[in-house]
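Below is one structure, written out as structure tokens; comments come after it.
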2 protein chains.
Amino acid sequence: MSKYNVAIAGATGAVGQEMIKTLEKRNFPVKTLTLLASKRSVGKTMTFKGQEIAVQELTHDSFRGCDIALFSAGSERSKEFRQSVIDAGAVMIDNSSAFRMDPTVPLVVPEVNPEAVKGHNGVIANPNCCTIILVVPLKPLYDLSRITRIVVATYQSASGAGAQAMEELRDQSARILAGEPAAPEIFPYQIAFNLFSHNAGIESNGYNGEENKMVLEARKILGDNDIKITPTCIRVPVFRAHAEAITIEQERKVSVEEARAALAKAPGIRIADDREANYFPMPIEVSGEDDIAVGRIRDDIGNDHGLCLFVAGDQLLKGAALNAVQIAELL
Amino acid sequence: MSKYNVAIAGATGAVGQEMIKTLEKRNFPVKTLTLLASKRSVGKTMTFKGQEIAVQELTHDSFRGCDIALFSAGSERSKEFRQSVIDAGAVMIDNSSAFRMDPTVPLVVPEVNPEAVKGHNGVIANPNCCTIILVVPLKPLYDLSRITRIVVATYQSASGAGAQAMEELRDQSARILAGEPAAPEIFPYQIAFNLFSHNAGIESNGYNGEENKMVLEARKILGDNDIKITPTCIRVPVFRAHAEAITIEQERKVSVEEARAALAKAPGIRIADDREANYFPMPIEVSGEDDIAVGRIRDDIGNDHGLCLFVAGDQLLKGAALNAVQIAELL
């Protein structure tokens, strides 16, 4: 089996750390692993397969000899280094939103549209975490009958805003339990014991950036620009897994039994749907888990052609690092 | 002004405590206040207008001379004592689900259907907290154009399950921050840093008791049994205010401007809808507040006749105690 020289840009971030663990856990054929971050992380070391690797500064010379560059260092970094990665002959798998809607860049969820990787020109985009957690369970249902409409409300964890945001949830919770003020820094509002509309800016259509990403990305990945999608993205005081309440309309009525059977055999999904025990997907259960948990599979009592689901997935794994490594595996 | 003899059954519970405070805050014309609870609370005293009142045991003789009996002691207690309240010539305002769907019992939200109190036969039901927080902002929109469909996902606080559940959220959060196991007792699953499908049992249609209540109660209060409603009820780690992501369809297209204007002048509502500042309704802000905060007022990008909202309201106040006292004021 051939082995690859892999680089991770943004290695010290919440997603970067999970990328290292995921490469190890999935036994990805790594020849060399280069860990890249900003200047202030130089000097740190991180462990991969029992070996200490020094973090290096991300520069335009970082990609010589590199085959695959996993990027999770923000959109600006991805844009800045795209050409250097391509010039080095490597493929960039980018976790930022920089190129997701670029028509020349494939936007890939391996369980949904693996064939899309073929058309890449040196860059493959990893979708937004909420989009991934939405489209993985919808794909097997879409294959049963075209989905024409989606209404989705999210319950998004602190991890989506990075490692510091997770720390803020922890610190703030302790402060509030001690009767002290919350003092928000990373998030605009108190996250502990609170929730708020996603902090991405509101765009001209009245939806925030996160919501508009979900709409555009889900359509691109499912390959259907006519799906009507209504998202509401909300941040909740949970550490690292997102949940979503999803209502869909399909061309023909798909029964609950048919939907459950299709979901049960679909890749990347674990059914958590025990009505008698009142056991359904929960963020703490999927944290650290590769699969997306799917439950509350039921008829939409408000629509003859509708179905409802409640799903949860690890934001850092399937929502980011795992999906990126799975894309690398497709290559 | 005439004054009334008021009794509170369940006075020591989370809602009961708020009922006492609300009677005081709104300067309800109380002649005498009788505080009733189970045997084990006898001996406790509670404060009303600076006066210590001893808690008495709830018995069939508790209502002699009583004019208004506010009940928040669970469905079984409401059923058991209904006749004793009526026989005493008092009116029961019941916060439980015991009589809400009884066609002879008015189900009242004073901002929505105050006229319904007239038909009472000794019992008036207070709706479920989620229903109240849903129908107050929908009423002014319904009056602009009939609402034909509602899709709603809730973010429900621990307070909905009582004072002990709020304590459990506090204790569990401290335990988890200290690296100890959560050890759930009141809720079936860990509530700290987690969320789960509402713990009410799943009924034959695949919806849980909380969701089915919302559907039936909202229709009864809005006086329209044809509204199609699709709820998903989720419990989140927040102390005492519920939030709801609401998507509606109306007979004619109502513009965002028209909706905002109608909401701004409707009773019981505070607009929290600043797109530039990314400021919208939040549970911590409405905790202790009488009004329901309404924001994210926007077109449904998936439906030409649709609108979306995000709302938050204090579960113990407008969701329970305040609404009950407002009903008493109507009498």
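In the structure tokens, each chain is lettered A, B, ... as it comes, each chain's residues begin at 1, and ligands are numbered from 1 in order of appearance.
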
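For segment 322-331 of chain A, the non-local neighbours within 7 Å, defined as residues at least 2 positions apart in the same chain or in other chains and counting only C-alpha atoms, are Met19, Thr22, Leu23, Ile93, Val109, Pro110, Asn126, Leu317, Lys318, Gly319 and Ala320 of chain A.
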
Backbone DSSP call of helix (DSSP H, G or I) for segment 195-287 of chain A, listed as a ChimeraX atom specification: /A:209-222,256-265,283-286

Please find the residues of chain B near chain A - the criterion being any atom within 7 Å, counting only C-alpha atoms - and write them as a ChimeraX atom specification. /B:153,193-197,199,201-202,206,228-230,232,237-239,245,275-276,278,280,282-284,298,300-302

Can you check which residues of segment 99-326 of chain B DSSP gives as strand (DSSP E or B) on the backbone and send them as a VMD selection string? chain B and resid 107 123 to 125 147 to 156 196 to 197 202 208 228 to 232 234 to 235 241 to 250 269 to 271 274 279 292 to 299 306 to 314

Which residues are close to Ile271 of chain B, i.e. within 7 Å by only C-alpha atoms, leaving aside same-chain residues fewer than 3 positions away? Reply as a VMD selection string. chain B and resid 264 293 to 295

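Using only C-alpha atoms, the residues found no farther than 8 Å from segment 63-71 of chain B, other than those of its own chain fewer than 6 positions away, are Tyr4, Asn5, Val6, Ala7, Ile8, Ala9, Gly10, Ser78, Ser84, Val85, Ala88, Gly89, Ala90, Val91, Met92, Ile93, Asp94, Asn95, Ser96, Ala324 and Ala328 of chain B.
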
I need the chosen residues saved as a PDB file, in the first residue's frame, with C-alpha atoms.
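Final output, saved to again.pdb:
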ATOM      1  CA  TYR B   4     -60.690  37.856  47.147  1.00  0.00           C
ATOM      2  CA  ASN B   5     -59.807  34.886  49.260  1.00  0.00           C
ATOM      3  CA  VAL B   6     -57.132  33.101  47.277  1.00  0.00           C
ATOM      4  CA  ALA B   7     -55.688  29.627  47.826  1.00  0.00           C
ATOM      5  CA  ILE B   8     -52.620  28.155  46.156  1.00  0.00           C
ATOM      6  CA  ALA B   9     -52.417  24.368  45.987  1.00  0.00           C
ATOM      7  CA  GLY B  10     -48.810  23.314  45.414  1.00  0.00           C
ATOM      8  CA  SER B  78     -56.433  18.689  40.438  1.00  0.00           C
ATOM      9  CA  SER B  84     -64.335  20.280  46.636  1.00  0.00           C
ATOM     10  CA  VAL B  85     -63.301  23.588  45.066  1.00  0.00           C
ATOM     11  CA  ALA B  88     -66.971  25.601  48.156  1.00  0.00           C
ATOM     12  CA  GLY B  89     -68.163  28.052  45.494  1.00  0.00           C
ATOM     13  CA  ALA B  90     -64.629  28.848  44.357  1.00  0.00           C
ATOM     14  CA  VAL B  91     -63.146  28.861  40.851  1.00  0.00           C
ATOM     15  CA  MET B  92     -60.218  26.542  40.185  1.00  0.00           C
ATOM     16  CA  ILE B  93     -57.493  27.888  37.891  1.00  0.00           C
ATOM     17  CA  ASP B  94     -55.576  24.760  37.118  1.00  0.00           C
ATOM     18  CA  ASN B  95     -52.006  24.660  35.861  1.00  0.00           C
ATOM     19  CA  SER B  96     -52.042  20.890  35.285  1.00  0.00           C
ATOM     20  CA  ALA B 324     -52.713  31.772  35.940  1.00  0.00           C
ATOM     21  CA  ALA B 328     -57.688  35.324  37.936  1.00  0.00           C
TER      22      ALA B 328
END
